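Have a look at work-v9.txt; it's compact mmCIF, C-alpha atoms:
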```
# COMPACT_ATOMS: atom_id res chain seq x y z
CA MET A 1 -18.33 30.16 59.30
CA HIS A 2 -21.49 29.56 57.24
CA PHE A 3 -20.60 28.77 53.64
CA LYS A 4 -23.99 29.22 51.94
CA ASP A 5 -23.79 33.02 51.51
CA ARG A 6 -23.12 32.72 47.79
CA TYR A 7 -26.67 31.40 47.20
CA LYS A 8 -28.70 34.23 48.74
CA SER A 9 -32.25 35.14 47.70
CA ARG A 10 -35.67 35.69 49.22
CA PHE A 11 -37.20 33.08 51.52
CA LEU A 12 -37.86 29.74 49.92
CA LYS A 13 -41.11 29.88 47.93
CA PHE A 14 -40.90 26.40 46.61
CA PHE A 15 -39.34 23.08 47.50
CA PRO A 16 -39.04 19.91 45.48
CA ALA A 17 -41.15 16.94 46.39
CA ILE A 18 -40.02 13.40 47.21
CA PHE A 19 -39.87 9.79 45.33
CA LEU A 20 -39.54 5.61 43.98
CA PHE A 21 -41.24 2.99 44.12
CA LEU A 22 -40.28 0.06 45.10
CA SER A 23 -40.93 -0.04 47.64
CA ALA A 24 -42.39 1.64 50.39
CA ILE A 25 -38.96 0.98 50.57
CA TYR A 26 -37.07 2.87 48.05
CA ALA A 27 -38.87 5.99 47.24
CA GLN A 28 -36.56 8.78 46.18
CA HIS A 29 -36.96 10.50 49.49
CA TYR A 30 -37.00 14.18 48.58
CA PHE A 31 -39.33 13.68 45.61
CA SER A 32 -41.76 11.18 47.17
CA PRO A 33 -44.84 13.43 47.56
CA VAL A 34 -44.97 13.71 43.77
CA LEU A 35 -43.57 10.43 42.47
CA PRO A 36 -43.86 7.10 44.36
CA VAL A 37 -41.74 5.01 42.00
CA GLY A 38 -40.10 1.99 43.58
CA SER A 39 -42.62 0.92 46.20
CA LEU A 40 -42.10 -2.81 46.78
CA PRO A 41 -44.32 -4.21 49.56
CA VAL A 42 -42.69 -7.63 49.98
CA ASP A 43 -41.79 -9.72 53.01
CA ALA A 44 -38.23 -10.26 54.28
CA ARG A 45 -37.64 -13.44 52.26
CA SER A 46 -38.61 -11.73 48.99
CA LEU A 47 -36.64 -8.61 49.90
CA ALA A 48 -33.49 -10.66 50.55
CA MET A 49 -33.91 -12.20 47.08
CA GLY A 50 -33.85 -8.86 45.29
CA GLY A 51 -37.46 -7.88 45.99
CA THR A 52 -38.80 -10.62 43.71
CA GLY A 53 -42.57 -10.85 43.91
CA ILE A 54 -43.87 -13.91 42.04
CA ASN A 55 -44.21 -15.82 45.35
CA ASN A 56 -45.86 -12.95 47.19
CA THR A 57 -49.59 -12.13 47.14
CA ARG A 58 -48.85 -8.39 47.47
CA LEU A 59 -47.28 -8.36 44.00
CA GLN A 60 -48.69 -11.47 42.29
CA PRO A 61 -52.46 -11.91 42.89
CA ALA A 62 -52.40 -15.49 41.54
CA PHE A 63 -50.12 -16.64 44.37
CA GLY A 64 -52.16 -17.97 47.28
CA ASP A 65 -51.78 -19.68 50.64
CA PHE A 66 -52.76 -23.10 49.30
CA GLY A 67 -52.11 -25.98 51.66
CA TYR A 68 -52.49 -23.94 54.87
CA LEU A 69 -55.61 -23.48 56.96
CA PHE A 70 -54.25 -20.12 58.12
CA ARG A 71 -51.04 -18.19 57.51
CA ILE A 72 -50.33 -15.05 59.53
CA SER A 73 -47.38 -12.77 58.74
CA LEU A 74 -46.06 -9.67 60.52
CA ASP A 75 -43.22 -7.55 59.13
CA LEU A 76 -41.01 -5.26 61.20
CA GLU A 77 -39.34 -2.74 58.91
CA ALA A 78 -36.77 -0.01 59.59
CA ARG A 79 -35.30 2.33 56.97
CA ALA A 80 -32.31 4.50 57.84
CA THR A 81 -31.28 7.20 55.36
CA ARG A 82 -28.21 9.39 55.33
CA GLU A 83 -28.72 12.55 53.27
CA THR A 84 -25.79 14.90 52.70
CA ARG A 85 -26.09 18.26 50.96
CA SER A 86 -22.99 20.12 49.83
CA PHE A 87 -21.97 22.98 47.56
CA PRO A 88 -18.86 23.32 45.37
CA VAL A 89 -15.80 25.23 46.62
CA ILE A 90 -14.34 27.27 43.74
CA ASP A 91 -10.71 28.42 43.43
CA MET A 92 -9.43 31.58 41.70
CA PHE A 93 -9.48 29.76 38.33
CA ASP A 94 -13.19 28.91 38.73
CA ASP A 95 -12.38 25.22 39.16
CA VAL A 96 -14.22 23.06 41.67
CA VAL A 97 -11.75 22.15 44.41
CA THR A 98 -14.07 20.08 46.59
CA GLN A 99 -17.65 19.75 47.81
CA ASN A 100 -18.33 21.37 51.17
CA ALA A 101 -21.00 19.49 53.14
CA TYR A 102 -23.16 21.85 55.19
CA VAL A 103 -25.90 19.49 56.39
CA VAL A 104 -26.18 15.77 57.14
CA ASN A 105 -29.51 14.19 58.11
CA ARG A 106 -29.91 10.62 59.38
CA PRO A 107 -33.64 9.93 59.91
CA VAL A 108 -34.95 6.44 60.69
CA PHE A 109 -38.51 5.43 59.80
CA TYR A 110 -40.45 2.35 60.88
CA SER A 111 -43.36 0.38 59.42
CA VAL A 112 -45.30 -2.73 60.48
CA PRO A 113 -47.00 -4.39 57.47
CA TRP A 114 -49.08 -7.53 58.06
CA SER A 115 -51.06 -10.13 56.17
CA ILE A 116 -53.47 -13.01 56.88
CA GLY A 117 -54.27 -15.78 54.41
CA THR A 118 -56.33 -18.95 54.35
CA ASP A 119 -57.02 -21.89 52.05
CA ILE A 120 -60.78 -22.55 52.00
CA THR A 121 -60.61 -25.50 49.61
CA LYS A 122 -61.89 -28.05 52.15
CA TRP A 123 -65.02 -25.99 52.88
CA LEU A 124 -66.01 -24.89 49.38
CA LYS A 125 -64.67 -27.98 47.63
CA LEU A 126 -63.02 -25.48 45.30
CA PRO A 127 -59.28 -24.64 45.20
CA VAL A 128 -59.63 -21.08 46.52
CA SER A 129 -57.27 -19.03 48.71
CA LEU A 130 -58.16 -15.73 50.38
CA SER A 131 -55.90 -13.17 52.02
CA VAL A 132 -55.90 -9.63 53.36
CA SER A 133 -52.86 -7.42 53.99
CA GLN A 134 -51.99 -3.88 54.97
CA PHE A 135 -48.79 -1.98 54.20
CA PRO A 136 -47.50 1.51 53.27
CA THR A 137 -47.59 1.82 49.50
CA TRP A 138 -46.61 5.51 49.13
CA ASP A 139 -44.26 6.82 51.81
CA PHE A 140 -44.02 10.61 52.23
CA ARG A 141 -41.92 10.67 55.40
CA TYR A 142 -38.96 13.01 55.21
CA ASP A 143 -37.07 14.82 57.97
CA TYR A 144 -34.71 17.67 57.08
CA GLN A 145 -33.07 19.77 59.80
CA GLU A 146 -30.22 22.09 58.91
CA GLU A 147 -28.17 23.66 61.69
CA VAL A 148 -27.19 27.19 60.66
CA ARG A 149 -24.21 28.88 62.33
CA ALA A 150 -23.45 32.57 62.47
CA SER A 151 -20.09 34.00 61.38
CA LEU A 152 -18.77 36.48 63.94
CA GLY A 153 -15.64 38.61 63.83
CA SER A 154 -12.38 38.17 65.71
CA GLY A 155 -12.32 38.82 69.44
CA VAL A 156 -15.45 36.75 70.07
CA TYR A 157 -14.97 33.58 72.10
CA ASN A 158 -17.52 31.54 70.11
CA ARG A 159 -17.15 32.78 66.54
CA ASP A 160 -19.70 30.39 65.01
CA PRO A 161 -22.64 30.02 67.43
CA VAL A 162 -25.82 28.26 66.29
CA ALA A 163 -28.04 30.97 64.82
CA GLY A 164 -31.02 28.73 64.11
CA TYR A 165 -32.41 25.83 62.14
CA HIS A 166 -33.97 25.34 58.71
CA ILE A 167 -36.68 22.70 59.03
CA PHE A 168 -38.65 20.74 56.44
CA ARG A 169 -40.67 17.69 57.40
CA MET A 170 -43.21 15.49 55.63
CA LYS A 171 -45.14 13.02 57.74
CA GLY A 172 -47.40 10.11 56.95
CA PHE A 173 -47.97 7.73 54.07
CA ILE A 174 -50.68 6.28 51.87
CA GLN A 175 -51.66 2.90 53.22
CA SER A 176 -52.90 -0.01 51.14
CA THR A 177 -55.49 -2.38 52.53
CA SER A 178 -55.34 -5.23 50.04
CA PHE A 179 -57.84 -8.07 49.47
CA ASN A 180 -56.69 -11.03 47.38
CA ILE A 181 -58.42 -14.11 45.96
CA ALA A 182 -56.46 -16.86 44.21
CA LEU A 183 -57.99 -19.77 42.30
CA ARG A 184 -56.36 -22.98 41.09
CA PRO A 185 -58.64 -24.31 38.30
CA LEU A 186 -55.95 -26.71 37.04
CA ALA A 187 -53.01 -28.37 38.74
CA LYS A 188 -50.52 -26.23 36.80
CA VAL A 189 -52.49 -22.97 36.59
CA GLN A 190 -53.43 -20.36 39.18
CA LEU A 191 -55.48 -17.19 38.67
CA GLY A 192 -55.78 -14.22 41.00
CA LEU A 193 -57.52 -10.91 41.61
CA ASN A 194 -56.37 -8.24 44.04
CA VAL A 195 -58.27 -5.13 45.16
CA GLU A 196 -56.36 -2.34 46.93
CA MET A 197 -58.06 0.37 48.97
CA LEU A 198 -55.74 3.38 49.33
CA SER A 199 -56.08 5.86 52.18
CA GLY A 200 -53.89 8.48 53.85
CA SER A 201 -52.47 8.09 57.36
CA ASP A 202 -51.18 10.93 59.62
CA LEU A 203 -50.27 13.27 56.74
CA SER A 204 -48.82 16.74 57.29
CA GLN A 205 -46.32 19.24 55.88
CA GLU A 206 -44.06 21.34 58.10
CA ILE A 207 -41.57 23.91 56.85
CA GLY A 208 -39.91 27.03 58.22
CA VAL A 209 -37.05 28.62 60.13
CA HIS A 210 -36.37 28.40 63.87
CA VAL A 211 -34.40 31.55 64.74
CA LEU A 212 -32.22 31.62 67.85
CA GLN A 213 -30.47 34.84 66.89
CA ALA A 214 -30.92 36.90 63.72
CA ASP A 215 -28.23 36.31 61.12
CA ASP A 216 -27.79 36.83 57.37
CA ALA A 217 -27.23 33.08 56.92
CA LEU A 218 -30.84 32.33 57.91
CA ALA A 219 -33.74 32.30 55.45
CA ALA A 220 -35.90 34.47 57.75
CA ASP A 221 -35.46 37.16 60.40
CA SER A 222 -37.83 35.53 62.90
CA THR A 223 -39.17 32.08 63.63
CA THR A 224 -41.63 31.07 60.92
CA ILE A 225 -42.43 27.36 61.24
CA THR A 226 -45.82 26.47 59.78
CA GLN A 227 -47.61 23.14 59.72
CA TYR A 228 -50.00 22.64 56.82
CA ASP A 229 -52.96 20.30 56.55
CA PHE A 230 -52.51 17.56 53.98
CA SER A 231 -55.10 14.92 53.13
CA VAL A 232 -55.65 12.23 50.52
CA GLY A 233 -58.96 11.07 49.06
CA GLN A 234 -59.69 7.36 49.15
CA SER A 235 -59.18 5.43 45.93
CA SER A 236 -58.99 1.83 44.74
CA ARG A 237 -56.75 -0.15 42.42
CA PHE A 238 -57.06 -3.60 40.84
CA SER A 239 -54.47 -6.23 39.96
CA TYR A 240 -54.82 -9.43 37.94
CA GLY A 241 -52.40 -12.31 37.68
CA ILE A 242 -51.76 -15.79 36.33
CA LEU A 243 -49.19 -18.42 37.33
CA PHE A 244 -48.29 -21.35 35.08
CA SER A 245 -46.02 -24.28 35.95
CA PRO A 246 -44.90 -26.01 32.74
CA LEU A 247 -42.40 -28.03 34.78
CA LYS A 248 -42.40 -29.18 38.39
CA SER A 249 -39.33 -27.04 39.03
CA LEU A 250 -40.41 -23.94 37.08
CA THR A 251 -43.22 -21.42 37.58
CA LEU A 252 -43.93 -18.48 35.27
CA GLY A 253 -46.14 -15.54 36.07
CA VAL A 254 -47.74 -12.47 34.50
CA SER A 255 -49.54 -9.69 36.36
CA MET A 256 -51.25 -6.43 35.46
CA LYS A 257 -52.11 -3.52 37.74
CA SER A 258 -54.56 -0.77 36.81
CA GLU A 259 -53.76 2.93 37.00
CA VAL A 260 -55.22 4.96 39.83
CA ASP A 261 -55.99 8.64 40.31
CA VAL A 262 -54.94 9.93 43.75
CA SER A 263 -56.39 13.28 44.84
CA PHE A 264 -54.78 15.58 47.42
CA THR A 265 -56.06 18.56 49.39
CA THR A 266 -53.76 20.97 51.23
CA ASP A 267 -53.45 24.53 52.47
CA GLY A 268 -49.70 24.25 51.99
CA TYR A 269 -47.55 23.34 49.00
CA VAL A 270 -48.69 22.07 45.60
CA PRO A 271 -46.58 20.55 42.77
CA ILE A 272 -44.74 22.56 40.13
CA LEU A 273 -42.00 21.83 37.60
CA HIS A 274 -38.66 23.50 38.28
CA GLU A 275 -37.74 24.99 34.90
CA ARG A 276 -33.97 24.86 35.23
CA THR A 277 -33.61 21.32 36.57
CA GLN A 278 -36.80 19.93 34.96
CA LEU A 279 -37.42 18.16 38.27
CA PRO A 280 -40.49 18.27 40.52
CA GLY A 281 -40.92 21.09 42.99
CA PHE A 282 -43.54 22.71 45.19
CA VAL A 283 -44.93 26.20 45.61
CA LEU A 284 -46.98 27.59 48.47
CA ALA A 285 -50.63 27.97 47.41
CA ASP A 286 -52.66 31.07 48.25
CA THR A 287 -55.55 29.07 49.70
CA VAL A 288 -56.78 25.53 50.20
CA SER A 289 -56.00 23.75 46.92
CA ASN A 290 -56.55 20.40 45.27
CA TYR A 291 -54.36 18.45 42.90
CA SER A 292 -54.49 15.01 41.36
CA ILE A 293 -51.63 12.59 40.60
CA VAL A 294 -52.22 9.53 38.43
CA LEU A 295 -50.14 6.41 39.04
CA PRO A 296 -49.75 4.46 35.78
CA SER A 297 -50.72 0.89 35.04
CA GLU A 298 -48.04 -1.77 35.41
CA ILE A 299 -47.22 -5.02 33.64
CA GLY A 300 -45.15 -7.60 35.50
CA PHE A 301 -43.36 -10.76 34.35
CA GLY A 302 -41.74 -13.25 36.71
CA PHE A 303 -40.34 -16.72 37.20
CA SER A 304 -39.31 -19.03 40.01
CA ALA A 305 -36.99 -21.97 39.29
CA ARG A 306 -35.50 -24.72 41.44
CA LEU A 307 -32.09 -25.70 40.10
CA ARG A 308 -30.89 -29.27 39.85
CA ASN A 309 -27.64 -29.36 41.79
CA LYS A 310 -26.27 -30.82 45.02
CA ILE A 311 -27.07 -27.67 46.98
CA LYS A 312 -30.77 -26.86 47.24
CA THR A 313 -31.09 -23.71 45.13
CA GLN A 314 -33.93 -21.48 43.97
CA VAL A 315 -33.71 -18.56 41.54
CA ASN A 316 -36.44 -15.90 41.31
CA GLY A 317 -36.85 -13.10 38.82
CA HIS A 318 -39.39 -10.31 38.47
CA PHE A 319 -39.64 -7.51 35.89
CA ILE A 320 -42.08 -4.60 35.86
CA TYR A 321 -42.81 -2.06 33.13
CA SER A 322 -44.64 1.17 33.88
CA ASP A 323 -45.25 3.88 31.28
CA TRP A 324 -45.04 7.08 33.29
CA SER A 325 -44.99 9.17 30.11
CA GLN A 326 -48.76 8.61 29.83
CA VAL A 327 -49.51 10.17 33.24
CA ASP A 328 -46.98 13.02 33.47
CA GLN A 329 -49.63 15.72 33.69
CA VAL A 330 -50.76 16.87 37.13
CA ILE A 331 -53.97 18.90 37.36
CA VAL A 332 -53.75 21.54 40.10
CA ASN A 333 -56.75 23.52 41.33
CA ALA A 334 -54.92 26.58 42.65
CA SER A 335 -55.24 30.29 41.88
CA SER A 336 -51.81 30.59 40.22
CA ILE A 337 -51.40 27.07 38.80
CA ASP A 338 -53.52 24.98 36.44
CA THR A 339 -51.60 22.12 34.82
CA VAL A 340 -48.07 20.84 35.41
CA ASN A 341 -46.33 18.71 32.74
CA PHE A 342 -43.43 16.72 34.21
CA GLN A 343 -42.21 15.04 30.99
CA TYR A 344 -41.71 11.66 32.63
CA GLU A 345 -40.06 8.71 30.91
CA PRO A 346 -41.24 5.06 30.91
CA ALA A 347 -39.55 3.02 33.63
CA TRP A 348 -38.36 -0.59 33.94
CA PHE A 349 -37.77 -2.41 37.21
CA ALA A 350 -35.75 -5.64 37.41
CA HIS A 351 -35.41 -7.95 40.42
CA ILE A 352 -33.21 -11.04 40.56
CA GLY A 353 -32.61 -13.23 43.61
CA LEU A 354 -30.99 -16.50 44.65
CA GLU A 355 -31.63 -18.76 47.63
CA GLN A 356 -29.15 -21.52 48.56
CA TRP A 357 -29.47 -23.85 51.53
CA ILE A 358 -26.22 -24.36 53.44
CA LEU A 359 -26.00 -28.04 54.49
CA ASN A 360 -29.70 -28.15 53.51
CA LYS A 361 -30.53 -26.45 56.83
CA THR A 362 -29.99 -22.69 56.65
CA PRO A 363 -30.91 -20.54 53.62
CA PHE A 364 -28.54 -17.90 52.32
CA ARG A 365 -30.32 -15.36 50.13
CA PHE A 366 -29.03 -12.49 48.07
CA GLY A 367 -30.10 -10.46 45.06
CA PHE A 368 -30.24 -7.08 43.41
CA MET A 369 -32.78 -4.62 42.09
CA TYR A 370 -32.51 -2.23 39.19
CA LEU A 371 -35.03 0.57 39.55
CA GLY A 372 -35.60 2.82 36.60
CA SER A 373 -36.98 6.30 37.17
CA PRO A 374 -39.47 8.52 35.32
CA LEU A 375 -37.07 11.38 36.12
CA GLY A 376 -34.34 9.96 33.84
CA ASN A 377 -31.05 8.10 34.05
CA GLU A 378 -29.67 10.25 36.86
CA PHE A 379 -32.23 8.75 39.25
CA GLU A 380 -31.81 5.08 38.36
CA ARG A 381 -30.88 2.93 41.36
CA THR A 382 -29.15 -0.40 41.87
CA ILE A 383 -29.88 -2.03 45.23
CA ILE A 384 -28.05 -4.96 46.81
CA THR A 385 -30.02 -7.28 49.11
CA PHE A 386 -29.21 -10.25 51.34
CA GLY A 387 -30.67 -12.25 54.22
CA THR A 388 -31.49 -15.60 55.79
CA GLY A 389 -34.23 -17.34 57.80
CA TRP A 390 -35.21 -20.10 60.26
CA THR A 391 -38.27 -22.29 60.80
CA TYR A 392 -39.29 -23.93 64.06
CA HIS A 393 -42.60 -25.72 64.75
CA GLY A 394 -44.58 -23.79 62.15
CA VAL A 395 -43.04 -20.41 63.01
CA THR A 396 -40.75 -18.87 60.37
CA LEU A 397 -38.44 -15.92 61.02
CA ASP A 398 -36.84 -14.28 57.98
CA ILE A 399 -34.46 -11.32 58.10
CA ALA A 400 -33.16 -9.19 55.24
CA ALA A 401 -31.19 -6.04 54.53
CA ALA A 402 -30.91 -3.83 51.46
CA VAL A 403 -28.47 -1.01 50.71
CA ASP A 404 -28.31 1.59 47.95
CA GLY A 405 -27.14 5.11 47.14
CA LEU A 406 -28.03 8.01 44.88
CA ASP A 407 -26.42 11.30 43.82
CA TYR A 408 -28.16 14.19 42.09
CA GLN A 409 -28.06 17.99 41.87
CA TYR A 410 -30.64 20.41 43.11
CA PHE A 411 -31.03 23.94 44.49
CA ASP A 412 -30.57 24.90 48.13
CA LEU A 413 -33.82 24.22 50.03
CA PHE A 414 -33.51 27.33 52.22
CA VAL A 415 -32.00 30.41 50.63
CA PRO A 416 -30.81 33.22 52.95
CA GLU A 417 -32.57 36.55 52.49
CA GLY A 418 -31.04 38.81 49.88
CA GLN A 419 -29.19 36.01 48.08
CA ASP A 420 -29.77 34.20 44.78
CA ALA A 421 -30.01 30.42 44.36
CA THR A 422 -28.09 30.36 41.09
CA ASP A 423 -25.82 27.34 41.63
CA LEU A 424 -26.84 23.74 42.03
CA GLU A 425 -25.82 21.74 45.07
CA MET A 426 -24.89 18.07 45.34
CA VAL A 427 -27.33 15.80 47.16
CA LYS A 428 -26.08 12.35 48.21
CA GLU A 429 -28.37 9.73 49.70
CA SER A 430 -27.55 6.30 51.08
CA THR A 431 -30.19 3.98 52.50
CA LEU A 432 -30.06 0.92 54.71
CA MET A 433 -33.26 -1.06 55.00
CA VAL A 434 -33.60 -3.84 57.57
CA LYS A 435 -36.65 -6.08 57.66
CA ALA A 436 -37.79 -9.03 59.76
CA SER A 437 -40.84 -11.15 58.94
CA ILE A 438 -42.49 -13.49 61.43
CA MET A 439 -44.91 -16.01 59.90
CA TYR A 440 -47.01 -18.68 61.53
CA SER A 441 -48.71 -21.36 59.43
CA PHE A 442 -51.02 -24.21 60.38
```
Could you show the structure in this file as C-alpha cells?
Amino acid sequence: MHFKDRYKSRFLKFFPAIFLFLSAIYAQHYFSPVLPVGSLPVDARSLAMGGTGINNTRLQPAFGDFGYLFRISLDLEARATRETRSFPVIDMFDDVVTQNAYVVNRPVFYSVPWSIGTDITKWLKLPVSLSVSQFPTWDFRYDYQEEVRASLGSGVYNRDPVAGYHIFRMKGFIQSTSFNIALRPLAKVQLGLNVEMLSGSDLSQEIGVHVLQADDALAADSTTITQYDFSVGQSSRFSYGILFSPLKSLTLGVSMKSEVDVSFTTDGYVPILHERTQLPGFVLADTVSNYSIVLPSEIGFGFSARLRNKIKTQVNGHFIYSDWSQVDQVIVNASSIDTVNFQYEPAWFAHIGLEQWILNKTPFRFGFMYLGSPLGNEFERTIITFGTGWTYHGVTLDIAAAVDGLDYQYFDLFVPEGQDATDLEMVKESTLMVKASIMYSF
C-alpha cells in the first residue's frame, strides 16, 4: 500500500536545492545547488583532526612546503549518504503515532583531489614555496530514486506491484584549481597568497517520473523524465594568510578569503524561496535563464600547538566566520522571477583536533567539527572525525573517517496528481566520509 495519498496535488513544480560547506565534504545534500556551506578541502590527516586547516595550503595560504624539493599528494575520497524520508502516521485523536518511511536512498560519491608543492628557496635565494592543487569546492551531486507501489484490491496475487519511480538527480560539481605562494620573510613569520579559479564539471539536472503502470500514487500519468542543461561561468577568488610562531611549540594563523559571484545558466530549475518553510527551493523556468549566487567573504583563525607531555601530542584548532546575511539576495533573470531574498544568518565553523603518537610510532587522531548554517539552528551539524597514518621511505599514507547526521522537515518532492502537499515530512540524513591521502616528499 502506498502511504503518500494524503499529500496529493499537481505535479511537482518546484524542488528545494541542496547544501554546507565544509567541505566538499559536508554540504547539506538536498540544498547544495543553492548553498555550499561546509566545504572543507583538506587532506586525510587534517580531516581526522576535525578538519583543521592551519597546516594545509588549501585553507591557510601562508602554509607552504618549506624544506621539501617536491611534495606530491593524492586524495581518494568516498562519501556515502543515507537519506530517509518519512511522513507522520496520525491516530483518531490527531496524535502522531510514528513516522512511516517511504523512501531510503544510499548514494556513494567519489572524488580525487590532488596537490603539488615545491620549495624554491635554493634557486631564488628567497624563502618561497609554490603549490598548485585541484579539488571539488561546491558539490552538487545528489541521487534521489523513490520506488512507488500501487495499491490493488483483494483477490490480486501481488497487491502492491511497483508502479514506477520518482527520480531527481543532480550531477557534477564546481572545481577549484588553486595556486598558492608562501613566503617566509622572518624565521617566525610566514605570509601567503592563494588564487582559486572556479569552473563547473559535468553539471546537469534530471527530474521526472518513470511510469511502469499508471497509478494515482504517481506524480504523472506517463513517463516524463527530462534532463536539463546546467552550466557555471568561470570565476576567481583570493585568499590571504599569515602564520606567526611566538613559541617553538605554538603557531598562530589568520586568513581571509574574498567573496565571489558565481553565475549559472540553465534551461531547467532556478532558485526560489519556499514561503511556508522559508527554505530554498526551485521552480522550472519558462526558457533558458541565468541566476547569480554570491559566496561571502570568510575570516579564519587557527592555532597548532605541541604539548609537553610524555606522549607526543599535537592540538590543532581552526575557526571560520562567514556573514551570509550580506549575500542572501539571489538575482534571477527569468520571466517570472526577479530577486529572491533568502534571509540567511551569519555562520560560525569550529574545528578542533588532537594527534597522539602511540609508543611514538603510530599516530592516533580524532576531532570534531561544529558547522553553523545560514539556514538557522535546525541545520547546524556536529561531525566526529578520527584516523591514523604511516610513513615509509618518504611515502606517507593517512586515512580518516567522519560521521554526522541531520534531521529537518520539508515537503514531499513528488506530489501525486490531484493531491495537496499540505503536511511537512521528516528528512533524516546520515553521512560517512572515508578519505585516504598518499603523499610523497623528497
Box dimensions and centre (Å, one decimal) enclosing stretch 343-359 of chain A, axis-aligned, 6 Å extra per side, as JSON:
```
{"center_x": -34.1, "center_y": -6.5, "center_z": 42.7, "size_x": 28.2, "size_y": 55.1, "size_z": 35.6}
```
### Query
Which residue, A:Asp65, A:Glu206, A:Glu298, A:Asp221, has the smallest gap to A:Ser255 when you use all atoms listed in the file?
A:Glu298
### Task
Using all atoms listed in the file, pick whichever of A:Ile120, A:Leu284, A:Ile225, A:Met170 has the shortest atom-to-atom distance to A:Asp202.
A:Met170
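Shell of stretch 327-334 of chain A at 6 Å, with all atoms listed in the file counted and residues fewer than 4 places along the chain excluded, is A:Ser289, A:Asn290, A:Tyr291, A:Ser292, A:Ile293, A:Val294, A:Asp338, A:Thr339, A:Val340, A:Asn341, A:Phe342, A:Gln343, A:Tyr344.
With distances taken over all atoms listed in the file, A:Leu198 is the one residue among A:Ile54, A:Leu198, A:Ile383, A:Leu186 lying closest to A:Ile174.
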### Task
Would you please work out which residue, of A:Ala78, A:His274, A:Ala347, A:Ala402, is nearest to A:Glu380 when using all atoms listed in the file?
A:Ala347
Reconstruct stretch 108-113 of chain A at the level of all heavy atoms, and format the result as an mmCIF file, keeping the file's coordinate frame.
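Listed below is the output, out_11.cif:
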```
data_model
loop_
_atom_site.group_PDB
_atom_site.id
_atom_site.type_symbol
_atom_site.label_atom_id
_atom_site.label_comp_id
_atom_site.auth_asym_id
_atom_site.auth_seq_id
_atom_site.Cartn_x
_atom_site.Cartn_y
_atom_site.Cartn_z
ATOM 1 N N VAL A 108 -34.589 7.859 60.710
ATOM 2 C CA VAL A 108 -34.950 6.440 60.690
ATOM 3 C C VAL A 108 -36.473 6.345 60.760
ATOM 4 O O VAL A 108 -37.100 6.967 61.622
ATOM 5 C CB VAL A 108 -34.323 5.677 61.872
ATOM 6 C CG1 VAL A 108 -34.721 4.202 61.812
ATOM 7 C CG2 VAL A 108 -32.802 5.818 61.854
ATOM 8 N N PHE A 109 -37.064 5.584 59.840
ATOM 9 C CA PHE A 109 -38.510 5.430 59.800
ATOM 10 C C PHE A 109 -38.876 3.957 59.950
ATOM 11 O O PHE A 109 -38.155 3.072 59.486
ATOM 12 C CB PHE A 109 -39.069 5.972 58.479
ATOM 13 C CG PHE A 109 -38.762 7.421 58.242
ATOM 14 C CD1 PHE A 109 -37.913 7.814 57.222
ATOM 15 C CD2 PHE A 109 -39.317 8.401 59.048
ATOM 16 C CE1 PHE A 109 -37.622 9.146 57.004
ATOM 17 C CE2 PHE A 109 -39.035 9.739 58.844
ATOM 18 C CZ PHE A 109 -38.185 10.114 57.818
ATOM 19 N N TYR A 110 -40.033 3.709 60.575
ATOM 20 C CA TYR A 110 -40.450 2.350 60.880
ATOM 21 C C TYR A 110 -41.833 2.073 60.282
ATOM 22 O O TYR A 110 -42.671 2.973 60.177
ATOM 23 C CB TYR A 110 -40.501 2.126 62.387
ATOM 24 C CG TYR A 110 -39.194 2.395 63.091
ATOM 25 C CD1 TYR A 110 -38.914 3.657 63.625
ATOM 26 C CD2 TYR A 110 -38.225 1.400 63.205
ATOM 27 C CE1 TYR A 110 -37.713 3.912 64.269
ATOM 28 C CE2 TYR A 110 -37.014 1.649 63.839
ATOM 29 C CZ TYR A 110 -36.772 2.899 64.367
ATOM 30 O OH TYR A 110 -35.570 3.157 64.994
ATOM 31 N N SER A 111 -42.066 0.819 59.927
ATOM 32 C CA SER A 111 -43.360 0.380 59.420
ATOM 33 C C SER A 111 -43.629 -1.032 59.917
ATOM 34 O O SER A 111 -42.693 -1.799 60.181
ATOM 35 C CB SER A 111 -43.408 0.402 57.882
ATOM 36 O OG SER A 111 -43.148 1.694 57.380
ATOM 37 N N VAL A 112 -44.914 -1.392 60.018
ATOM 38 C CA VAL A 112 -45.300 -2.730 60.480
ATOM 39 C C VAL A 112 -46.378 -3.297 59.548
ATOM 40 O O VAL A 112 -47.570 -3.336 59.909
ATOM 41 C CB VAL A 112 -45.799 -2.708 61.942
ATOM 42 C CG1 VAL A 112 -46.016 -4.134 62.460
ATOM 43 C CG2 VAL A 112 -44.819 -1.968 62.840
ATOM 44 N N PRO A 113 -46.021 -3.742 58.361
ATOM 45 C CA PRO A 113 -47.000 -4.390 57.470
ATOM 46 C C PRO A 113 -47.425 -5.748 58.038
ATOM 47 O O PRO A 113 -46.692 -6.375 58.806
ATOM 48 C CB PRO A 113 -46.227 -4.564 56.158
ATOM 49 C CG PRO A 113 -45.048 -3.636 56.268
ATOM 50 C CD PRO A 113 -44.716 -3.587 57.722
#
```
